[in-house]
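Student: Sharing input32.pdb below, PDB, C-alpha atoms, pLDDT in the B column:
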```
ATOM      1  CA  MET A   1    -144.642 -20.853  82.505  1.00 36.00           C
ATOM      2  CA  ASP A   2    -143.288 -24.338  82.577  1.00 34.00           C
ATOM      3  CA  ARG A   3    -139.605 -24.954  82.038  1.00 37.00           C
ATOM      4  CA  ARG A   4    -137.587 -27.358  79.950  1.00 36.00           C
ATOM      5  CA  GLU A   5    -133.886 -28.060  79.831  1.00 35.00           C
ATOM      6  CA  SER A   6    -132.070 -26.666  76.824  1.00 36.00           C
ATOM      7  CA  GLY A   7    -129.475 -29.447  76.835  1.00 38.00           C
ATOM      8  CA  LYS A   8    -126.666 -27.040  77.707  1.00 37.00           C
ATOM      9  CA  THR A   9    -124.312 -27.372  80.672  1.00 38.00           C
ATOM     10  CA  PRO A  10    -124.701 -25.878  83.208  1.00 40.00           C
ATOM     11  CA  ARG A  11    -128.461 -26.200  82.976  1.00 39.00           C
ATOM     12  CA  GLN A  12    -130.189 -23.316  81.272  1.00 37.00           C
ATOM     13  CA  LEU A  13    -133.943 -23.207  81.661  1.00 35.00           C
ATOM     14  CA  VAL A  14    -136.119 -21.837  78.906  1.00 33.00           C
ATOM     15  CA  PRO A  15    -139.809 -20.939  79.083  1.00 33.00           C
ATOM     16  CA  VAL A  16    -142.418 -23.093  77.409  1.00 30.00           C
ATOM     17  CA  VAL A  17    -145.695 -21.371  76.553  1.00 29.00           C
ATOM     18  CA  LEU A  18    -148.717 -23.107  78.030  1.00 30.00           C
ATOM     19  CA  THR A  19    -151.345 -24.202  75.561  1.00 25.00           C
ATOM     20  CA  GLY A  20    -154.619 -25.932  76.188  1.00 27.00           C
ATOM     21  CA  ALA A  21    -157.208 -25.699  78.929  1.00 26.00           C
ATOM     22  CA  MET A  22    -157.304 -26.638  82.580  1.00 26.00           C
ATOM     23  CA  GLY A  23    -156.577 -30.221  81.653  1.00 37.00           C
ATOM     24  CA  LYS A  24    -152.917 -29.249  81.941  1.00 57.00           C
ATOM     25  CA  TYR A  25    -153.470 -28.852  85.684  1.00 67.00           C
ATOM     26  CA  GLY A  26    -154.555 -31.538  88.087  1.00 71.00           C
ATOM     27  CA  GLY A  27    -154.323 -35.251  87.625  1.00 77.00           C
ATOM     28  CA  GLU A  28    -152.539 -37.990  89.500  1.00 78.00           C
ATOM     29  CA  LEU A  29    -149.304 -36.119  90.210  1.00 79.00           C
ATOM     30  CA  TRP A  30    -151.134 -33.027  91.439  1.00 82.00           C
ATOM     31  CA  ASP A  31    -153.243 -35.229  93.723  1.00 83.00           C
ATOM     32  CA  ALA A  32    -150.091 -36.912  95.046  1.00 83.00           C
ATOM     33  CA  ALA A  33    -148.440 -33.538  95.682  1.00 86.00           C
ATOM     34  CA  GLU A  34    -151.494 -32.396  97.631  1.00 87.00           C
ATOM     35  CA  ARG A  35    -151.441 -35.564  99.744  1.00 88.00           C
ATOM     36  CA  ASP A  36    -147.730 -35.000 100.413  1.00 90.00           C
ATOM     37  CA  GLY A  37    -148.401 -31.467 101.639  1.00 92.00           C
ATOM     38  CA  ARG A  38    -146.548 -29.875  98.717  1.00 92.00           C
ATOM     39  CA  ILE A  39    -149.699 -27.989  97.686  1.00 91.00           C
ATOM     40  CA  LYS A  40    -150.992 -25.806 100.487  1.00 89.00           C
ATOM     41  CA  PRO A  41    -154.735 -25.977 101.222  1.00 86.00           C
ATOM     42  CA  GLY A  42    -156.890 -23.105 100.097  1.00 82.00           C
ATOM     43  CA  ARG A  43    -159.526 -21.984  97.663  1.00 82.00           C
ATOM     44  CA  GLY A  44    -158.890 -21.310  94.018  1.00 84.00           C
ATOM     45  CA  PRO A  45    -157.934 -23.323  90.932  1.00 82.00           C
ATOM     46  CA  ASN A  46    -154.618 -25.125  90.660  1.00 81.00           C
ATOM     47  CA  PHE A  47    -152.906 -22.372  88.676  1.00 80.00           C
ATOM     48  CA  THR A  48    -153.168 -20.139  91.763  1.00 87.00           C
ATOM     49  CA  LYS A  49    -151.169 -22.609  93.872  1.00 88.00           C
ATOM     50  CA  ARG A  50    -147.477 -23.415  93.935  1.00 91.00           C
ATOM     51  CA  VAL A  51    -146.420 -27.061  93.943  1.00 91.00           C
ATOM     52  CA  LEU A  52    -143.346 -27.330  96.149  1.00 93.00           C
ATOM     53  CA  PRO A  53    -140.660 -29.342  94.326  1.00 90.00           C
ATOM     54  CA  ASP A  54    -140.020 -32.900  95.467  1.00 86.00           C
ATOM     55  CA  LEU A  55    -136.427 -32.977  94.233  1.00 81.00           C
ATOM     56  CA  ALA A  56    -134.381 -32.110  97.310  1.00 88.00           C
ATOM     57  CA  PRO A  57    -130.893 -30.553  97.261  1.00 93.00           C
ATOM     58  CA  LEU A  58    -128.155 -32.548  98.975  1.00 94.00           C
ATOM     59  CA  LEU A  59    -124.822 -31.709 100.497  1.00 96.00           C
ATOM     60  CA  ARG A  60    -122.147 -33.080  98.181  1.00 94.00           C
ATOM     61  CA  LYS A  61    -120.718 -35.156 101.028  1.00 94.00           C
ATOM     62  CA  ASP A  62    -124.135 -36.662 101.806  1.00 94.00           C
ATOM     63  CA  ALA A  63    -124.681 -37.522  98.142  1.00 91.00           C
ATOM     64  CA  LEU A  64    -121.426 -39.479  98.043  1.00 92.00           C
ATOM     65  CA  ASP A  65    -122.237 -41.157 101.377  1.00 93.00           C
ATOM     66  CA  GLN A  66    -125.594 -42.266  99.924  1.00 90.00           C
ATOM     67  CA  GLY A  67    -123.815 -44.053  97.111  1.00 90.00           C
ATOM     68  CA  ILE A  68    -124.529 -41.653  94.262  1.00 87.00           C
ATOM     69  CA  PRO A  69    -121.654 -42.242  91.813  1.00 89.00           C
ATOM     70  CA  ARG A  70    -118.982 -39.563  91.854  1.00 90.00           C
ATOM     71  CA  SER A  71    -119.412 -39.109  88.096  1.00 87.00           C
ATOM     72  CA  ALA A  72    -123.104 -38.262  88.637  1.00 86.00           C
ATOM     73  CA  VAL A  73    -122.247 -35.960  91.536  1.00 88.00           C
ATOM     74  CA  ASP A  74    -119.700 -34.113  89.417  1.00 87.00           C
ATOM     75  CA  ARG A  75    -122.268 -33.647  86.623  1.00 84.00           C
ATOM     76  CA  SER A  76    -125.014 -32.421  88.942  1.00 85.00           C
ATOM     77  CA  ASP A  77    -126.135 -28.815  89.087  1.00 85.00           C
ATOM     78  CA  ARG A  78    -124.880 -26.911  92.128  1.00 88.00           C
ATOM     79  CA  PRO A  79    -127.151 -24.054  93.208  1.00 87.00           C
ATOM     80  CA  THR A  80    -124.545 -23.068  95.802  1.00 90.00           C
ATOM     81  CA  ARG A  81    -121.083 -24.252  96.773  1.00 89.00           C
ATOM     82  CA  GLY A  82    -121.050 -27.687  98.375  1.00 93.00           C
ATOM     83  CA  VAL A  83    -124.712 -28.422  97.547  1.00 95.00           C
ATOM     84  CA  LEU A  84    -126.011 -30.250  94.500  1.00 92.00           C
ATOM     85  CA  ILE A  85    -129.290 -31.149  92.852  1.00 87.00           C
ATOM     86  CA  PRO A  86    -129.287 -34.953  92.509  1.00 77.00           C
ATOM     87  CA  PRO A  87    -129.884 -36.429  89.054  1.00 68.00           C
ATOM     88  CA  GLU A  88    -133.542 -36.793  88.124  1.00 64.00           C
ATOM     89  CA  GLU A  89    -135.090 -40.207  87.671  1.00 60.00           C
ATOM     90  CA  GLY A  90    -138.007 -41.179  85.488  1.00 54.00           C
ATOM     91  CA  GLY A  91    -140.215 -38.960  83.365  1.00 48.00           C
ATOM     92  CA  PRO A  92    -141.624 -37.568  81.207  1.00 50.00           C
ATOM     93  CA  PHE A  93    -143.756 -35.361  83.438  1.00 51.00           C
ATOM     94  CA  PRO A  94    -146.964 -33.373  82.824  1.00 53.00           C
ATOM     95  CA  GLU A  95    -146.200 -29.913  81.509  1.00 52.00           C
ATOM     96  CA  ARG A  96    -147.565 -27.840  84.354  1.00 53.00           C
ATOM     97  CA  LEU A  97    -146.053 -29.955  87.116  1.00 55.00           C
ATOM     98  CA  GLY A  98    -142.629 -29.711  85.574  1.00 54.00           C
ATOM     99  CA  PRO A  99    -140.089 -32.287  86.704  1.00 53.00           C
ATOM    100  CA  CYS A 100    -140.731 -31.834  90.421  1.00 66.00           C
ATOM    101  CA  GLY A 101    -142.964 -28.850  91.158  1.00 80.00           C
ATOM    102  CA  TRP A 102    -144.745 -25.911  89.624  1.00 82.00           C
ATOM    103  CA  SER A 103    -144.821 -22.132  89.808  1.00 85.00           C
ATOM    104  CA  SER A 104    -145.935 -19.523  87.303  1.00 84.00           C
ATOM    105  CA  GLU A 105    -142.616 -17.748  86.808  1.00 83.00           C
ATOM    106  CA  ASP A 106    -139.415 -18.708  85.035  1.00 84.00           C
ATOM    107  CA  PRO A 107    -136.489 -18.080  87.418  1.00 87.00           C
ATOM    108  CA  GLY A 108    -134.378 -16.609  84.625  1.00 85.00           C
ATOM    109  CA  GLU A 109    -130.790 -15.948  85.682  1.00 87.00           C
ATOM    110  CA  PHE A 110    -131.322 -17.814  88.967  1.00 88.00           C
ATOM    111  CA  GLN A 111    -131.982 -21.068  87.027  1.00 87.00           C
ATOM    112  CA  TRP A 112    -133.802 -22.717  89.956  1.00 89.00           C
ATOM    113  CA  ASP A 113    -137.048 -21.774  91.680  1.00 92.00           C
ATOM    114  CA  ILE A 114    -136.676 -19.900  94.963  1.00 95.00           C
ATOM    115  CA  VAL A 115    -137.788 -22.837  97.146  1.00 95.00           C
ATOM    116  CA  THR A 116    -135.080 -25.101  95.705  1.00 93.00           C
ATOM    117  CA  ARG A 117    -132.497 -22.341  96.158  1.00 94.00           C
ATOM    118  CA  GLY A 118    -133.720 -21.642  99.683  1.00 96.00           C
ATOM    119  CA  ARG A 119    -133.426 -25.297 100.656  1.00 96.00           C
ATOM    120  CA  ALA A 120    -129.909 -25.443  99.219  1.00 95.00           C
ATOM    121  CA  HIS A 121    -128.681 -22.385 101.127  1.00 96.00           C
ATOM    122  CA  TRP A 122    -130.380 -23.559 104.328  1.00 97.00           C
ATOM    123  CA  LEU A 123    -128.351 -26.789 104.272  1.00 96.00           C
ATOM    124  CA  LEU A 124    -125.319 -24.594 104.987  1.00 95.00           C
ATOM    125  CA  ALA A 125    -127.056 -22.407 107.623  1.00 95.00           C
ATOM    126  CA  ARG A 126    -129.582 -24.522 109.496  1.00 95.00           C
ATOM    127  CA  ASP A 127    -130.451 -21.939 112.119  1.00 94.00           C
ATOM    128  CA  ALA A 128    -131.703 -19.619 109.369  1.00 96.00           C
ATOM    129  CA  VAL A 129    -135.382 -18.657 109.021  1.00 98.00           C
ATOM    130  CA  ALA A 130    -136.910 -18.076 105.583  1.00 98.00           C
ATOM    131  CA  THR A 131    -138.336 -14.619 105.100  1.00 98.00           C
ATOM    132  CA  GLY A 132    -139.809 -12.376 102.408  1.00 97.00           C
ATOM    133  CA  TRP A 133    -140.392 -13.842  98.954  1.00 97.00           C
ATOM    134  CA  LEU A 134    -138.847 -17.186  99.903  1.00 98.00           C
ATOM    135  CA  ALA A 135    -141.273 -17.532 102.801  1.00 98.00           C
ATOM    136  CA  ALA A 136    -144.202 -16.493 100.608  1.00 97.00           C
ATOM    137  CA  ALA A 137    -143.278 -19.170  98.070  1.00 96.00           C
ATOM    138  CA  MET A 138    -142.995 -21.797 100.800  1.00 97.00           C
ATOM    139  CA  HIS A 139    -146.520 -20.858 101.874  1.00 96.00           C
ATOM    140  CA  GLY A 140    -147.743 -21.490  98.327  1.00 94.00           C
ATOM    141  CA  LEU A 141    -147.453 -18.210  96.394  1.00 94.00           C
ATOM    142  CA  PRO A 142    -146.789 -19.225  92.746  1.00 92.00           C
ATOM    143  CA  HIS A 143    -146.080 -15.737  91.364  1.00 91.00           C
ATOM    144  CA  TRP A 144    -143.289 -13.132  91.514  1.00 93.00           C
ATOM    145  CA  ALA A 145    -140.964 -14.910  93.975  1.00 95.00           C
ATOM    146  CA  ASP A 146    -138.735 -16.996  91.691  1.00 93.00           C
ATOM    147  CA  SER A 147    -136.903 -13.976  90.280  1.00 92.00           C
ATOM    148  CA  GLU A 148    -135.882 -12.840  93.775  1.00 94.00           C
ATOM    149  CA  PRO A 149    -132.773 -13.678  95.830  1.00 94.00           C
ATOM    150  CA  VAL A 150    -132.974 -15.853  98.944  1.00 96.00           C
ATOM    151  CA  VAL A 151    -133.191 -13.916 102.222  1.00 96.00           C
ATOM    152  CA  PHE A 152    -133.040 -15.388 105.734  1.00 97.00           C
ATOM    153  CA  PHE A 153    -133.225 -14.199 109.302  1.00 97.00           C
ATOM    154  CA  SER A 154    -130.305 -15.538 111.345  1.00 94.00           C
ATOM    155  CA  THR A 155    -129.172 -15.048 114.934  1.00 88.00           C
ATOM    156  CA  HIS A 156    -125.643 -16.056 113.934  1.00 85.00           C
ATOM    157  CA  THR A 157    -123.262 -13.519 112.467  1.00 76.00           C
ATOM    158  CA  ARG A 158    -123.020 -14.362 108.781  1.00 77.00           C
ATOM    159  CA  ARG A 159    -121.805 -12.386 105.826  1.00 73.00           C
ATOM    160  CA  SER A 160    -124.419 -11.910 103.139  1.00 75.00           C
ATOM    161  CA  ALA A 161    -123.361 -12.850  99.646  1.00 73.00           C
ATOM    162  CA  ARG A 162    -122.376  -9.928  97.442  1.00 73.00           C
ATOM    163  CA  SER A 163    -123.899 -11.633  94.438  1.00 77.00           C
ATOM    164  CA  ARG A 164    -127.661 -11.775  93.865  1.00 78.00           C
ATOM    165  CA  PHE A 165    -127.283 -15.534  93.545  1.00 85.00           C
ATOM    166  CA  GLY A 166    -126.122 -16.063  97.123  1.00 88.00           C
ATOM    167  CA  ALA A 167    -128.154 -15.964 100.322  1.00 93.00           C
ATOM    168  CA  LYS A 168    -128.714 -12.745 102.267  1.00 93.00           C
ATOM    169  CA  PHE A 169    -128.890 -12.761 106.061  1.00 94.00           C
ATOM    170  CA  ARG A 170    -130.733 -10.271 108.265  1.00 93.00           C
ATOM    171  CA  THR A 171    -131.014  -9.881 112.045  1.00 94.00           C
ATOM    172  CA  PRO A 172    -134.400 -11.205 113.237  1.00 94.00           C
ATOM    173  CA  PRO A 173    -136.805  -9.181 115.376  1.00 93.00           C
ATOM    174  CA  ALA A 174    -137.112 -10.141 119.034  1.00 92.00           C
ATOM    175  CA  ASP A 175    -140.743 -11.272 118.650  1.00 92.00           C
ATOM    176  CA  LEU A 176    -140.164 -13.486 115.607  1.00 94.00           C
ATOM    177  CA  VAL A 177    -142.829 -16.180 115.140  1.00 94.00           C
ATOM    178  CA  THR A 178    -141.890 -19.140 112.951  1.00 97.00           C
ATOM    179  CA  VAL A 179    -143.652 -22.061 111.292  1.00 98.00           C
ATOM    180  CA  ARG A 180    -142.473 -25.116 109.342  1.00 97.00           C
ATOM    181  CA  PRO A 181    -144.332 -25.214 105.999  1.00 96.00           C
ATOM    182  CA  ASP A 182    -141.990 -27.454 103.958  1.00 97.00           C
ATOM    183  CA  PRO A 183    -142.840 -31.182 104.257  1.00 95.00           C
ATOM    184  CA  LEU A 184    -139.545 -32.244 102.620  1.00 94.00           C
ATOM    185  CA  PHE A 185    -137.488 -30.065 104.967  1.00 97.00           C
ATOM    186  CA  PRO A 186    -139.492 -30.083 108.224  1.00 96.00           C
ATOM    187  CA  GLU A 187    -136.660 -28.438 110.172  1.00 97.00           C
ATOM    188  CA  LEU A 188    -136.549 -25.447 107.813  1.00 98.00           C
ATOM    189  CA  ARG A 189    -138.355 -22.640 109.603  1.00 98.00           C
ATOM    190  CA  SER A 190    -140.131 -19.730 107.976  1.00 98.00           C
ATOM    191  CA  VAL A 191    -141.961 -16.622 109.092  1.00 98.00           C
ATOM    192  CA  ASP A 192    -145.715 -17.111 109.030  1.00 97.00           C
ATOM    193  CA  ALA A 193    -147.759 -16.303 105.939  1.00 96.00           C
ATOM    194  CA  ALA A 194    -149.050 -12.967 107.261  1.00 96.00           C
ATOM    195  CA  THR A 195    -145.529 -11.743 108.056  1.00 97.00           C
ATOM    196  CA  ALA A 196    -144.271 -12.874 104.643  1.00 97.00           C
ATOM    197  CA  ALA A 197    -147.119 -10.976 102.961  1.00 96.00           C
ATOM    198  CA  VAL A 198    -146.244  -7.775 104.827  1.00 96.00           C
ATOM    199  CA  GLN A 199    -142.551  -8.136 103.947  1.00 96.00           C
ATOM    200  CA  CYS A 200    -143.307  -8.694 100.261  1.00 96.00           C
ATOM    201  CA  LEU A 201    -145.744  -5.777 100.110  1.00 95.00           C
ATOM    202  CA  SER A 202    -143.163  -3.574 101.811  1.00 95.00           C
ATOM    203  CA  SER A 203    -140.584  -4.440  99.148  1.00 93.00           C
ATOM    204  CA  VAL A 204    -143.096  -3.456  96.452  1.00 92.00           C
ATOM    205  CA  MET A 205    -144.005  -0.183  98.159  1.00 90.00           C
ATOM    206  CA  ARG A 206    -140.307   0.710  98.540  1.00 88.00           C
ATOM    207  CA  GLY A 207    -139.685   0.049  94.854  1.00 86.00           C
ATOM    208  CA  LYS A 208    -137.371  -2.894  95.474  1.00 83.00           C
ATOM    209  CA  LYS A 209    -139.716  -5.285  93.670  1.00 82.00           C
ATOM    210  CA  THR A 210    -141.211  -4.461  90.288  1.00 77.00           C
ATOM    211  CA  TRP A 211    -142.698  -6.402  87.401  1.00 72.00           C
TER     212      TRP A 211
END
```
Go through the file and emit its structure as structure tokens.

Tutor:
Amino acid sequence: MDRRESGKTPRQLVPVVLTGAMGKYGGELWDAAERDGRIKPGRGPNFTKRVLPDLAPLLRKDALDQGIPRSAVDRSDRPTRGVLIPPEEGGPFPERLGPCGWSSEDPGEFQWDIVTRGRAHWLLARDAVATGWLAAAMHGLPHWADSEPVVFFSTHTRRSARSRFGAKFRTPPADLVTVRPDPLFPELRSVDAATAAVQCLSSVMRGKKTW
């Protein structure tokens, strides 16, 4: 499902039912996203592929240093403390691309897709490695991930958030292999796609993920 703003503050995202045929997918913006590396290569039609968002979270301090007006900073959505989503420019955008990316699931109570949330939390913990559903989404999975919390591996001692909306931190295995699948955040490491798939399947088998 695509998402539209309801006009309320803070932003509340509501689902929009897709109508029409495959013409909703593809086109100039999809081609540009593929060239940018925000659509991972692979077989299958576009609705089987996630488009990584091109709207990048910023530290509040960095936003002010870049000259974004304080009034705009104060109005911006904040997926986590000290990090904001900068105001959008331009539009309107094709339905299935959304304002900056596409996935098949409305994030519901989380408000933002899991990749955007993962990027935001990583800005405050840059040694962290994306794992589980976050990693799967970064590798292009468009389904099931956006209603999940952000989970990282980290070698630093960090307290996991008590709330579902905060990041969770786990101790990494000794043989951890990482990759860098996010072209907008090339320093953000993730487990490889095979490891992410095993982690996600394990959460389903243990009953921690249902739909």

Student: Write out as an NGL selection string which residues come within 7 Å of A:Ser76 when counting all atoms listed in the file, dropping same-chain ones fewer than 4 positions away.

Tutor: :A and (72 or 84-87)

Student: If the PyMOL selection byres ((chain A and resi 82) around 8) were run on this exact file, what residues would it hold? Put them as a list in words.

Tutor: Leu59, Arg60, Lys61, Arg78, Thr80, Arg81, Val83 and Leu84 of chain A

Student: For a quick check of your reading of the model, name the residues lying within 12 Å of the coordinate (-154.7, -25.4, 91.0), counting only C-alpha atoms, and write them as a PyMOL selection string.

Tutor: chain A and resi 22-27+30-31+33-34+39-51+96-97+102-104+140-142

Student: Using all atoms listed in the file, which of A:His156, A:Pro183, A:Phe165, A:Arg75 sits nearest A:Ile114?

Tutor: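 Comparing A:His156, A:Pro183, A:Phe165, A:Arg75 against A:Ile114, the winner is A:Phe165.
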
Student: Mind telling me what the PyMOL selection byres ((chain A and resi 136) around 12) catches here, as a ChimeraX atom specification?

Tutor: /A:40,49-50,52,114-115,118,130-135,137-146,148,150-151,181-182,190-201

Student: Between atom CA of A:Arg117 and atom CA of A:Arg180, what is the distance, to one decimal in Å?

Tutor: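 Computing the Euclidean distance for atom CA of A:Arg117 and atom CA of A:Arg180 yields 16.8 Å.
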